Amino acid sequence: QKEVEQNSGPLSVPEGAIASLNCTYSDRVSQSFFWYRQYSGKSPELIMSIYSNGDKEDGRFTAQLNKASQYVSLLIRDSQPSDSATYLCAVPYSSASKIIFGSGTRLSIRP
Amino acid sequence: GAVVSQHPSRVICKSGTSVKIECRSLDFQATTMFWYRQFPKQSLMLMATSNEGSKATYEQGVEKDKFLINHASLTLSTLTVTSAHPEDSSFYICSARGAGGWDTQYFGPGTRLTVL
């Protein structure tokens with residue numbers, strides 16, 4: 001089992017709709033979780049971090065965490081064409097010495 | 001936000017030559033720097049973790065004699081790809097992490113290496 005798993009997509013969502021991106025992780029003791037956005041040919045940028053069970057909202061983005069199910073998701077409301085990118089879920093190792101990235105979900109927002 | 005620079009952004013070299021990539025944290029001191037490699041349509045793969053003044057910690061399968069890492073100061077780390085071959089062609093990305101943990105990890109813009 002991969003340490004951090006994501007559906008590679010592509011996920012196609014109409015403009016204005018909600019995009020839902022999912023991630024599961026294997027390390028039960030993980031305490032922090034991150035979502036990065038990566039445009040083609042560019043490096044990743046951090047868009048959300050979440051540490052506690054439940055929802056965390058930041059503008060059009062909502063991260064959801066369920067530690068019991070080892071599941072973290074990212075919702076993007078009112079999707080825009082500029083949201084088209086690959087979204088990477090990242091979870092630090094329990095030792096916190098390094099961070100593991102999922103393979104990423106490619107999101108495409110169609111006008 | 002914090003800025004991490006990489007130089008060069010793009011390099012094309014002949015097989016057998018060595019290429020040095022610099023990673024600098026411009027407005028903060030990085031306790032740790034990381035080097036990643038990303039092949040097309042694949043995720044980031046951590047190559048090594050670099051702490052200032054100490055030897056880098058390499059991930060399994062990464063040859064330390066081929067990918068030389070030097071972390072001379074809290075703002076500069078370098079990756080040298082020695083005797084590069086076409087299979088080393090990839091997107092190399094560094095990140096720098098500040099004292100605030102993973103929330104203070106910032107990525108450089110990446111270096112695209114093409115080995116002919």
# chains A, B, ... in the order shown; residues from 1 in each chain; ligands from 1

call {"tool": "interface_residues", "arguments": {"of": "chain A", "to": "chain B", "cutoff": "10 Å", "atoms": "only C-alpha atoms", "output": "list in words"}}
result
Ser8, Ser32, Phe33, Phe34, Ser40, Gly41, Lys42, Ser43, Pro44, Glu45, Leu46, Met48, Ser49, Ile50, Thr86, Leu88, Val91, Pro92, Ala96, Ser97, Lys98, Ile99, Ile100, Phe101, Gly102, Ser103, Gly104, Thr105 and Arg106 of chain A

call {"tool": "select_by_dssp", "arguments": {"residues": "stretch 24-109 of chain B", "states": "strand (DSSP E)", "output": "ChimeraX atom specification"}}
result
/B:24-25,32-38,45-51,57-58,67-73,76-81,90-97,105-107

call {"tool": "write_last_selection", "arguments": {"atoms": "C-alpha atoms", "output": "JSON list (two decimals), in the first residue's frame"}}
result
[["chain", "number", "residue", "atom", "x", "y", "z"],
["B", 24, "ARG", "CA", 18.77, 29.73, -2.08],
["B", 25, "SER", "CA", 16.32, 30.87, 0.54],
["B", 32, "THR", "CA", 16.53, 22.06, 6.28],
["B", 33, "MET", "CA", 16.54, 21.90, 2.50],
["B", 34, "PHE", "CA", 15.16, 19.10, 0.39],
["B", 35, "TRP", "CA", 15.92, 18.01, -3.15],
["B", 36, "TYR", "CA", 13.19, 16.41, -5.25],
["B", 37, "ARG", "CA", 13.08, 15.00, -8.73],
["B", 38, "GLN", "CA", 9.95, 14.86, -10.85],
["B", 45, "MET", "CA", 10.22, 12.00, -5.40],
["B", 46, "LEU", "CA", 12.42, 13.02, -2.51],
["B", 47, "MET", "CA", 16.08, 12.50, -3.32],
["B", 48, "ALA", "CA", 17.78, 13.79, -0.20],
["B", 49, "THR", "CA", 17.44, 15.91, 2.90],
["B", 50, "SER", "CA", 20.10, 18.48, 3.57],
["B", 51, "ASN", "CA", 20.92, 20.14, 6.88],
["B", 57, "THR", "CA", 20.57, 12.06, 4.06],
["B", 58, "TYR", "CA", 19.80, 10.27, 0.82],
["B", 67, "PHE", "CA", 24.09, 13.41, -6.72],
["B", 68, "LEU", "CA", 26.41, 15.48, -4.56],
["B", 69, "ILE", "CA", 24.75, 17.80, -2.11],
["B", 70, "ASN", "CA", 26.47, 20.61, -0.27],
["B", 71, "HIS", "CA", 24.69, 22.76, 2.30],
["B", 72, "ALA", "CA", 27.25, 25.39, 3.15],
["B", 73, "SER", "CA", 25.00, 27.90, 4.88],
["B", 76, "LEU", "CA", 22.31, 27.91, 0.24],
["B", 77, "SER", "CA", 22.30, 24.28, -0.85],
["B", 78, "THR", "CA", 23.72, 22.91, -4.07],
["B", 79, "LEU", "CA", 23.02, 19.71, -5.97],
["B", 80, "THR", "CA", 25.64, 18.50, -8.43],
["B", 81, "VAL", "CA", 24.64, 15.83, -10.90],
["B", 90, "SER", "CA", 14.20, 15.49, -15.19],
["B", 91, "PHE", "CA", 12.73, 18.43, -13.29],
["B", 92, "TYR", "CA", 14.75, 19.02, -10.14],
["B", 93, "ILE", "CA", 13.05, 21.00, -7.41],
["B", 94, "CYS", "CA", 14.45, 22.14, -4.09],
["B", 95, "SER", "CA", 12.50, 23.22, -1.08],
["B", 96, "ALA", "CA", 13.57, 25.06, 2.03],
["B", 97, "ARG", "CA", 11.93, 24.66, 5.39],
["B", 105, "GLN", "CA", 8.28, 24.81, 3.51],
["B", 106, "TYR", "CA", 8.67, 26.73, 0.29],
["B", 107, "PHE", "CA", 9.61, 25.37, -3.08]]

call {"tool": "residues_around", "arguments": {"residues": "B:Leu74", "least_positions_apart": "2", "cutoff": "7 Å", "atoms": "only C-alpha atoms", "output": "ChimeraX atom specification"}}
result
/B:29-31,52,76

call {"tool": "atom_distance", "arguments": {"atom1": "atom CA of B:Gly98", "atom2": "atom CA of A:Glu3"}}
result
24.6 Å

call {"tool": "closest_residue", "arguments": {"among": "A:Ser20, A:Ser12, A:Ser108, A:Gln31", "to": "A:Ile76", "atoms": "only C-alpha atoms"}}
result
A:Ser20

call {"tool": "residues_around", "arguments": {"residues": "A:Ala85", "least_positions_apart": "6", "cutoff": "6 Å", "atoms": "only C-alpha atoms", "output": "list of chain:residue names"}}
result
A:Gln38, A:Tyr39, A:Arg106, A:Leu107
